[in-house]
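Shown below: work04.txt, with compact mmCIF, C-alpha atoms.
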# COMPACT_ATOMS: atom_id res chain seq x y z
CA MET C 1 134.14 76.01 88.30
CA GLY C 2 133.61 78.62 85.59
CA SER C 3 134.18 78.52 81.84
CA PRO C 4 137.46 78.22 79.93
CA ASP C 5 138.57 81.10 77.71
CA THR C 6 137.84 78.93 74.66
CA GLU C 7 134.14 78.37 75.43
CA ALA C 8 131.89 80.00 72.85
CA GLU C 9 129.72 82.93 74.02
CA ARG C 10 131.14 82.87 77.52
CA GLN C 11 130.93 85.95 79.73
CA ASP C 12 133.67 87.63 81.75
CA ASN C 13 131.81 86.99 85.01
CA GLU C 14 132.49 83.26 84.57
CA SER C 15 136.20 83.85 85.29
CA PRO C 16 138.65 83.01 86.61
CA GLN C 17 138.11 79.28 86.30
CA HIS C 18 139.03 77.75 89.66
CA ARG C 19 139.03 74.52 91.62
CA VAL C 20 136.45 74.07 94.39
CA ASN C 21 136.23 71.34 97.02
CA VAL C 22 132.49 70.61 97.34
CA PRO C 23 131.42 68.64 100.44
CA GLU C 24 128.82 65.90 100.00
CA PHE C 25 125.17 66.94 99.75
CA PHE C 26 121.86 65.73 98.33
CA MET C 27 120.08 67.67 95.55
CA ALA C 28 116.49 67.27 94.37
CA ARG C 29 116.24 65.49 91.03
CA THR C 30 113.80 68.15 89.80
CA GLN C 31 112.86 71.75 90.29
CA VAL C 32 110.31 72.20 93.09
CA THR C 33 106.87 71.48 91.65
CA GLN C 34 103.64 73.34 92.24
CA ALA C 35 102.23 70.35 94.14
CA GLN C 36 105.24 70.31 96.46
CA TRP C 37 105.04 74.07 96.93
CA ARG C 38 101.39 73.93 98.02
CA VAL C 39 102.12 71.35 100.71
CA VAL C 40 104.95 73.38 102.24
CA ALA C 41 102.99 76.65 101.92
CA GLN C 42 100.50 75.18 104.40
CA LEU C 43 103.18 74.56 107.05
CA PRO C 44 103.61 77.01 109.94
CA LYS C 45 105.05 80.40 109.02
CA ILE C 46 108.66 81.14 109.97
CA ASN C 47 109.15 84.70 108.80
CA SER C 48 106.81 85.55 105.91
CA ASP C 49 103.61 84.40 104.20
CA LEU C 50 103.68 82.20 101.10
CA ASN C 51 101.20 82.35 98.23
CA PRO C 52 100.06 78.71 97.84
CA ASP C 53 99.47 79.10 94.08
CA PRO C 54 101.86 81.70 92.62
CA SER C 55 102.57 80.18 89.19
CA LYS C 56 101.47 81.50 85.81
CA PHE C 57 101.74 78.16 83.99
CA LYS C 58 99.52 75.86 86.05
CA GLY C 59 100.11 72.17 86.66
CA ASP C 60 100.93 70.01 89.69
CA ASN C 61 104.08 68.64 88.06
CA ARG C 62 105.24 71.83 86.42
CA PRO C 63 107.89 73.78 88.33
CA VAL C 64 106.61 76.43 90.67
CA GLU C 65 107.51 79.92 89.41
CA GLN C 66 106.88 83.55 90.29
CA VAL C 67 108.65 82.95 93.59
CA SER C 68 111.24 85.32 95.02
CA TRP C 69 114.51 84.36 96.68
CA TYR C 70 112.90 85.31 99.99
CA ASP C 71 109.97 83.00 99.24
CA CYS C 72 112.37 80.13 98.58
CA ILE C 73 114.24 80.74 101.83
CA GLU C 74 110.91 80.71 103.70
CA PHE C 75 110.00 77.44 101.93
CA CYS C 76 113.29 75.87 103.04
CA ALA C 77 112.89 77.13 106.60
CA ARG C 78 109.39 75.66 106.89
CA LEU C 79 110.44 72.35 105.42
CA SER C 80 113.49 72.19 107.69
CA GLN C 81 111.37 72.87 110.77
CA LYS C 82 108.84 70.21 109.77
CA THR C 83 111.34 67.46 108.97
CA GLY C 84 114.30 68.25 111.21
CA LYS C 85 116.59 68.16 108.14
CA ASN C 86 118.64 71.02 106.75
CA TYR C 87 116.83 71.90 103.51
CA ARG C 88 118.11 74.96 101.67
CA LEU C 89 118.96 76.53 98.34
CA PRO C 90 122.21 75.29 96.80
CA SER C 91 125.34 77.36 96.85
CA GLU C 92 126.42 78.48 93.40
CA ALA C 93 129.36 76.06 93.56
CA GLU C 94 127.07 73.16 94.47
CA TRP C 95 124.72 74.05 91.63
CA GLU C 96 127.43 74.09 88.95
CA TYR C 97 129.05 70.94 90.34
CA ALA C 98 125.70 69.13 90.22
CA CYS C 99 124.79 70.46 86.78
CA ARG C 100 128.07 69.36 85.22
CA ALA C 101 127.97 65.88 86.79
CA GLY C 102 131.62 65.41 85.98
CA THR C 103 131.56 67.05 82.53
CA THR C 104 133.65 69.99 81.29
CA THR C 105 131.61 70.85 78.18
CA PRO C 106 129.21 73.82 77.93
CA PHE C 107 126.26 71.50 78.68
CA HIS C 108 126.16 68.17 80.45
CA PHE C 109 124.90 66.78 77.11
CA GLY C 110 128.13 67.90 75.40
CA GLU C 111 129.20 70.77 73.17
CA THR C 112 125.69 71.79 72.12
CA ILE C 113 122.03 71.43 73.09
CA SER C 114 118.66 70.76 71.43
CA THR C 115 115.01 71.27 72.36
CA GLU C 116 114.62 67.49 72.40
CA VAL C 117 116.49 67.44 75.69
CA ALA C 118 115.90 70.93 77.15
CA ASN C 119 113.23 73.64 77.23
CA TYR C 120 114.61 76.92 75.83
CA HIS C 121 114.06 79.22 72.81
CA GLY C 122 114.79 76.82 69.98
CA GLU C 123 114.93 79.50 67.28
CA TYR C 124 118.41 80.25 68.58
CA ILE C 125 121.29 77.80 68.27
CA TYR C 126 124.54 77.20 70.11
CA GLY C 127 127.64 75.95 68.33
CA ASN C 128 126.74 73.36 65.72
CA GLY C 129 123.26 72.82 67.10
CA LYS C 130 120.06 72.91 65.07
CA LYS C 131 116.99 75.08 65.43
CA GLY C 132 114.08 73.57 67.34
CA SER C 133 110.79 74.52 68.94
CA CYS C 134 109.99 77.38 71.28
CA ARG C 135 107.38 76.13 73.71
CA LYS C 136 106.82 79.58 75.27
CA GLU C 137 106.03 78.08 78.66
CA THR C 138 107.32 75.70 81.30
CA ILE C 139 106.97 71.95 80.83
CA LEU C 140 106.43 69.12 83.30
CA VAL C 141 109.55 68.27 85.26
CA ARG C 142 111.33 65.14 83.98
CA SER C 143 109.11 65.08 80.87
CA LEU C 144 112.04 65.16 78.43
CA ASN C 145 113.71 62.16 80.12
CA ALA C 146 117.11 63.80 79.79
CA ALA C 147 118.76 63.53 83.20
CA ASN C 148 122.46 64.13 83.59
CA ALA C 149 124.84 61.40 84.73
CA TRP C 150 123.85 61.95 88.36
CA GLY C 151 120.10 61.69 87.73
CA LEU C 152 119.24 65.41 87.82
CA TYR C 153 116.63 66.76 85.40
CA ASP C 154 116.16 70.14 83.69
CA MET C 155 119.46 71.65 84.82
CA HIS C 156 119.52 73.44 81.45
CA GLY C 157 116.37 75.46 80.75
CA ASN C 158 112.72 75.27 81.83
CA ILE C 159 113.17 77.85 84.62
CA LEU C 160 116.00 79.83 86.15
CA GLU C 161 116.92 78.57 89.62
CA TRP C 162 117.79 80.70 92.64
CA CYS C 163 121.06 79.97 94.44
CA LEU C 164 121.95 81.05 97.95
CA ASP C 165 124.91 83.29 97.06
CA ASP C 166 125.14 87.04 96.71
CA TRP C 167 126.04 88.25 93.22
CA HIS C 168 129.70 89.05 92.50
CA ASN C 169 130.98 90.33 89.14
CA ASN C 170 133.55 87.54 88.83
CA TYR C 171 135.17 84.76 90.86
CA THR C 172 138.07 86.81 92.22
CA GLY C 173 138.13 86.04 95.94
CA ALA C 174 135.44 83.35 95.71
CA PRO C 175 135.45 80.65 98.42
CA ASN C 176 136.96 77.33 97.37
CA ASN C 177 135.10 75.21 99.94
CA GLY C 178 131.71 74.97 98.21
CA LEU C 179 129.98 77.24 100.72
CA PRO C 180 127.81 80.19 99.61
CA TRP C 181 129.45 83.57 99.04
CA LEU C 182 127.34 85.77 101.29
CA GLY C 183 128.31 89.36 102.11
CA GLU C 184 127.59 90.38 105.67
CA ILE C 185 127.43 86.89 107.17
CA GLU C 186 130.23 85.47 105.06
CA ASN C 187 132.79 85.35 107.87
CA GLU C 188 130.55 83.79 110.51
CA ASN C 189 130.97 80.27 111.82
CA HIS C 190 129.75 77.97 109.05
CA SER C 191 128.77 75.26 111.52
CA GLN C 192 125.30 76.84 111.38
CA PHE C 193 125.31 76.43 107.60
CA LYS C 194 125.90 72.71 108.10
CA ASN C 195 123.89 71.95 111.22
CA SER C 196 121.36 74.61 112.30
CA TRP C 197 119.33 75.69 109.32
CA GLN C 198 116.25 76.88 111.19
CA ILE C 199 118.48 79.49 112.84
CA TRP C 200 120.67 80.26 109.85
CA LEU C 201 117.87 80.57 107.29
CA LYS C 202 115.87 82.89 109.49
CA LYS C 203 118.92 85.10 109.96
CA ILE C 204 119.40 85.30 106.19
CA LEU C 205 115.75 86.26 105.73
CA GLU C 206 116.05 89.08 108.23
CA THR C 207 119.41 90.55 107.22
CA ASN C 208 120.38 89.94 103.61
CA ASN C 209 119.05 91.97 100.64
CA ASN C 210 121.91 91.87 98.12
CA ASN C 211 121.33 90.73 94.54
CA LYS C 212 121.21 86.91 94.31
CA LEU C 213 122.52 84.33 91.88
CA LEU C 214 120.37 82.54 89.30
CA ARG C 215 121.46 79.54 87.25
CA GLY C 216 120.24 77.28 84.46
CA GLY C 217 118.39 79.34 81.85
CA TYR C 218 114.66 79.18 81.13
CA TRP C 219 111.97 78.35 78.56
CA SER C 220 112.49 81.48 76.42
CA ASP C 221 116.25 81.89 76.86
CA ASN C 222 118.91 81.82 74.19
CA PRO C 223 120.79 78.52 74.69
CA ARG C 224 124.02 80.33 75.54
CA TYR C 225 122.35 81.36 78.80
CA CYS C 226 121.59 77.72 79.60
CA ARG C 227 125.27 76.69 79.75
CA SER C 228 126.60 75.03 82.91
CA ALA C 229 128.86 78.02 83.65
CA CYS C 230 126.42 80.83 82.84
CA ARG C 231 125.54 83.19 85.71
CA ASN C 232 122.70 85.65 86.21
CA TYR C 233 121.33 87.72 89.09
CA LEU C 234 118.26 89.62 90.28
CA SER C 235 117.01 91.34 93.41
CA PRO C 236 115.96 88.80 96.08
CA GLY C 237 112.43 90.20 96.12
CA TYR C 238 111.90 89.80 92.36
CA ARG C 239 109.24 87.40 91.06
CA ASN C 240 108.53 86.36 87.48
CA TYR C 241 107.19 83.38 85.52
CA PHE C 242 110.66 82.25 84.47
CA ILE C 243 112.11 81.89 87.99
CA GLY C 244 111.90 78.92 90.35
CA PHE C 245 114.29 76.77 92.35
CA ARG C 246 115.37 73.33 93.52
CA ILE C 247 116.48 72.35 96.98
CA VAL C 248 119.41 70.59 98.56
CA VAL C 249 119.99 69.08 101.97
CA SER C 250 123.29 68.95 103.82
CA LEU C 251 124.49 65.58 105.01
CA PRO C 252 124.60 65.31 108.83
CA ARG C 253 128.01 66.01 110.31
CA THR C 254 129.56 63.19 112.35

Exercise: express the given structure as structure tokens:
Amino acid sequence: MGSPDTEAERQDNESPQHRVNVPEFFMARTQVTQAQWRVVAQLPKINSDLNPDPSKFKGDNRPVEQVSWYDCIEFCARLSQKTGKNYRLPSEAEWEYACRAGTTTPFHFGETISTEVANYHGEYIYGNGKKGSCRKETILVRSLNAANAWGLYDMHGNILEWCLDDWHNNYTGAPNNGLPWLGEIENENHSQFKNSWQIWLKKILETNNNNKLLRGGYWSDNPRYCRSACRNYLSPGYRNYFIGFRIVVSLPRT
């Protein structure tokens, strides 16, 4: 996890590179769409209201955006209650592991990136890449047909994706077990993280207001910010038309 010292345009917060043991989990192939968001927004409230149509760039199969970290936690809590499964945001370690899909290059495509396979600001280039288009908006999920080796779409660009973790300036002291790095509840029994998400998610909603991780880059980002290792953060209450999310579900413990 993290970038090597030799990676072009890396940032200090991507260090030190370290090995993480990530337990098995399922991740959504795409960012949560506006159609999916509307369905869950109609489910019973857990802790806070959800706007059923928050997005600037409208379209059932475009990613939902203008959602805060708190909104995403509420979404996961409602979906977990409805289905009896443990839906949640990914930990930062899970997100990077899934994005890379076994690769060690800056992008899961390789050493560079193009607007033929990702939605970002194509007037900027990375490495030996070529200039491309700047769409200036989100695009339909899966529309570029450029999944990584594990079948995940739009891990680079389109929208930034919230992760569960608090922001830390680097990886010094980061957990090596794939679990989220969360300040005040960090040392609690992680059996709730694995098995009791209705309880655990609600507790996070009520107690945690530290800056949160964002990954993946977005439709108007320089490609260097779309790299697998690139990290960003914002306040958990922040909403904008370049921020969305995708969900994961923990495998049942036996």

Item checked: Among the residues C:Glu14, C:Asp154, C:Asp5, C:Asp166, the one that comes closest to Ala28 of chain C [using only C-alpha atoms] ->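 Comparing C:Glu14, C:Asp154, C:Asp5, C:Asp166 against Ala28 of chain C, the winner is C:Asp154.
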
Check: Smallest atom-to-atom distance to Pro54 of chain C: which of C:Tyr153, C:Val40, C:Val141, C:Gln34, using all atoms listed in the file?
Finding: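 Closest residue, counting all atoms listed in the file: C:Gln34.
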
Next item on the list: Find the residue from C:Ala146, C:His18, C:Tyr87, C:Arg239 that sits nearest to Phe109 of chain C; use all atoms listed in the file when measuring.
Entry: C:Ala146

If you count only C-alpha atoms, which residues fall within 9 Å of Gly237 of chain C, apart from same-chain ones fewer than 5 positions away, as an mmCIF file with C-alpha atoms, in the frame of the given file?
data_model
loop_
_atom_site.group_PDB
_atom_site.id
_atom_site.type_symbol
_atom_site.label_atom_id
_atom_site.label_comp_id
_atom_site.auth_asym_id
_atom_site.auth_seq_id
_atom_site.Cartn_x
_atom_site.Cartn_y
_atom_site.Cartn_z
ATOM 1 C CA VAL C 67 108.650 82.950 93.590
ATOM 2 C CA SER C 68 111.240 85.320 95.020
ATOM 3 C CA TRP C 69 114.510 84.360 96.680
ATOM 4 C CA TYR C 70 112.900 85.310 99.990
ATOM 5 C CA ASP C 71 109.970 83.000 99.240
ATOM 6 C CA ASN C 209 119.050 91.970 100.640
#

Notebook entry, point to check: What is the distance between atom CA of Gly151 of chain C and atom CA of Tyr97 of chain C, in Å to one decimal?
Noted result: 13.1 Å

Margin query: Please report the interatomic distance between atom CA of Glu137 of chain C and atom CA of Gln36 of chain C in Å with one decimal.
Written below: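 We find that atom CA of Glu137 of chain C and atom CA of Gln36 of chain C lie 19.4 Å from each other.
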
Checklist line | Residue with smallest distance to Ala35 of chain C - pool C:Leu140, C:Cys226, C:Cys76, C:Leu89, counting only C-alpha atoms | finding: C:Leu140

Check: What is the atom CA of Val249 of chain C-atom CA of Ala77 of chain C distance in Å, reported with one decimal?
Finding: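 Atom CA of Ala77 of chain C lies 11.7 Å from atom CA of Val249 of chain C.
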
Note to self: Which residue is closest to Arg227 of chain C? Choose from C:Thr30, C:Ser48, C:Thr103, C:Ser55 and count all atoms listed in the file.
What the structure shows: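 Of the candidates, the smallest distance to Arg227 of chain C is held by C:Thr103.
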
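With only C-alpha atoms as the atoms that count, the residue of C:Ala147, C:Ala118, C:Ile247, C:Val20 with the shortest distance to Arg135 of chain C is C:Ala118.
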
Checklist line | Spatial neighbours of Asp12 of chain C, max dist 9 Å, all atoms listed in the file, sep filter under 2 positions, as a list in words | finding: Arg10, Glu14, Ser15, Pro16, Asn169 and Asn170 of chain C

Next item on the list: List the residues sitting within 9 Å of (117.1, 88.3, 85.0) in the file's frame, using all atoms listed in the file, as an NGL selection string.
Entry: :C and (160 or 214 or 232-235 or 242-243)

Please dump the current selection as a PDB file, in the frame of the given file; keep C-alpha atoms.
ATOM      1  CA  LEU C 160     116.000  79.830  86.150  1.00  0.00           C
ATOM      2  CA  LEU C 214     120.370  82.540  89.300  1.00  0.00           C
ATOM      3  CA  ASN C 232     122.700  85.650  86.210  1.00  0.00           C
ATOM      4  CA  TYR C 233     121.330  87.720  89.090  1.00  0.00           C
ATOM      5  CA  LEU C 234     118.260  89.620  90.280  1.00  0.00           C
ATOM      6  CA  SER C 235     117.010  91.340  93.410  1.00  0.00           C
ATOM      7  CA  PHE C 242     110.660  82.250  84.470  1.00  0.00           C
ATOM      8  CA  ILE C 243     112.110  81.890  87.990  1.00  0.00           C
TER       9      ILE C 243
END

Notebook entry, point to check: What's the 9 Å shell around Ala149 of chain C, counting only C-alpha atoms, without same-chain residues fewer than 2 positions away, as JSON, numbers by chain?
Noted result: {"C": [100, 101, 102, 108, 147, 151, 152]}

Can you write just those residues out, C-alpha atoms, as a PDB file, in the frame of the given file?
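Output file selection.pdb is given in full below:
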ATOM      1  CA  ARG C 100     128.070  69.360  85.220  1.00  0.00           C
ATOM      2  CA  ALA C 101     127.970  65.880  86.790  1.00  0.00           C
ATOM      3  CA  GLY C 102     131.620  65.410  85.980  1.00  0.00           C
ATOM      4  CA  HIS C 108     126.160  68.170  80.450  1.00  0.00           C
ATOM      5  CA  ALA C 147     118.760  63.530  83.200  1.00  0.00           C
ATOM      6  CA  GLY C 151     120.100  61.690  87.730  1.00  0.00           C
ATOM      7  CA  LEU C 152     119.240  65.410  87.820  1.00  0.00           C
TER       8      LEU C 152
END

What are the centre and edge lengths in Å, to one decimal, of the axis-aligned box around all listed atoms of segment 99-108 of chain C with 4 Å added on each side, as lines of an AutoDock Vina configuration file?
center_x = 129.2
center_y = 69.6
center_z = 82.4
size_x = 16.9
size_y = 16.4
size_z = 16.9

Check: Hey, what's within 7 Å of segment 112-115 of chain C if we count all atoms listed in the file and toss same-chain stuff fewer than 5 positions away? As a list in words, please?
Finding: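 In the requested form, the answer reads Phe107, Tyr120, Gly122, Tyr126, Gly127, Asn128, Gly129, Lys130, Gly132 and Ser133 of chain C.
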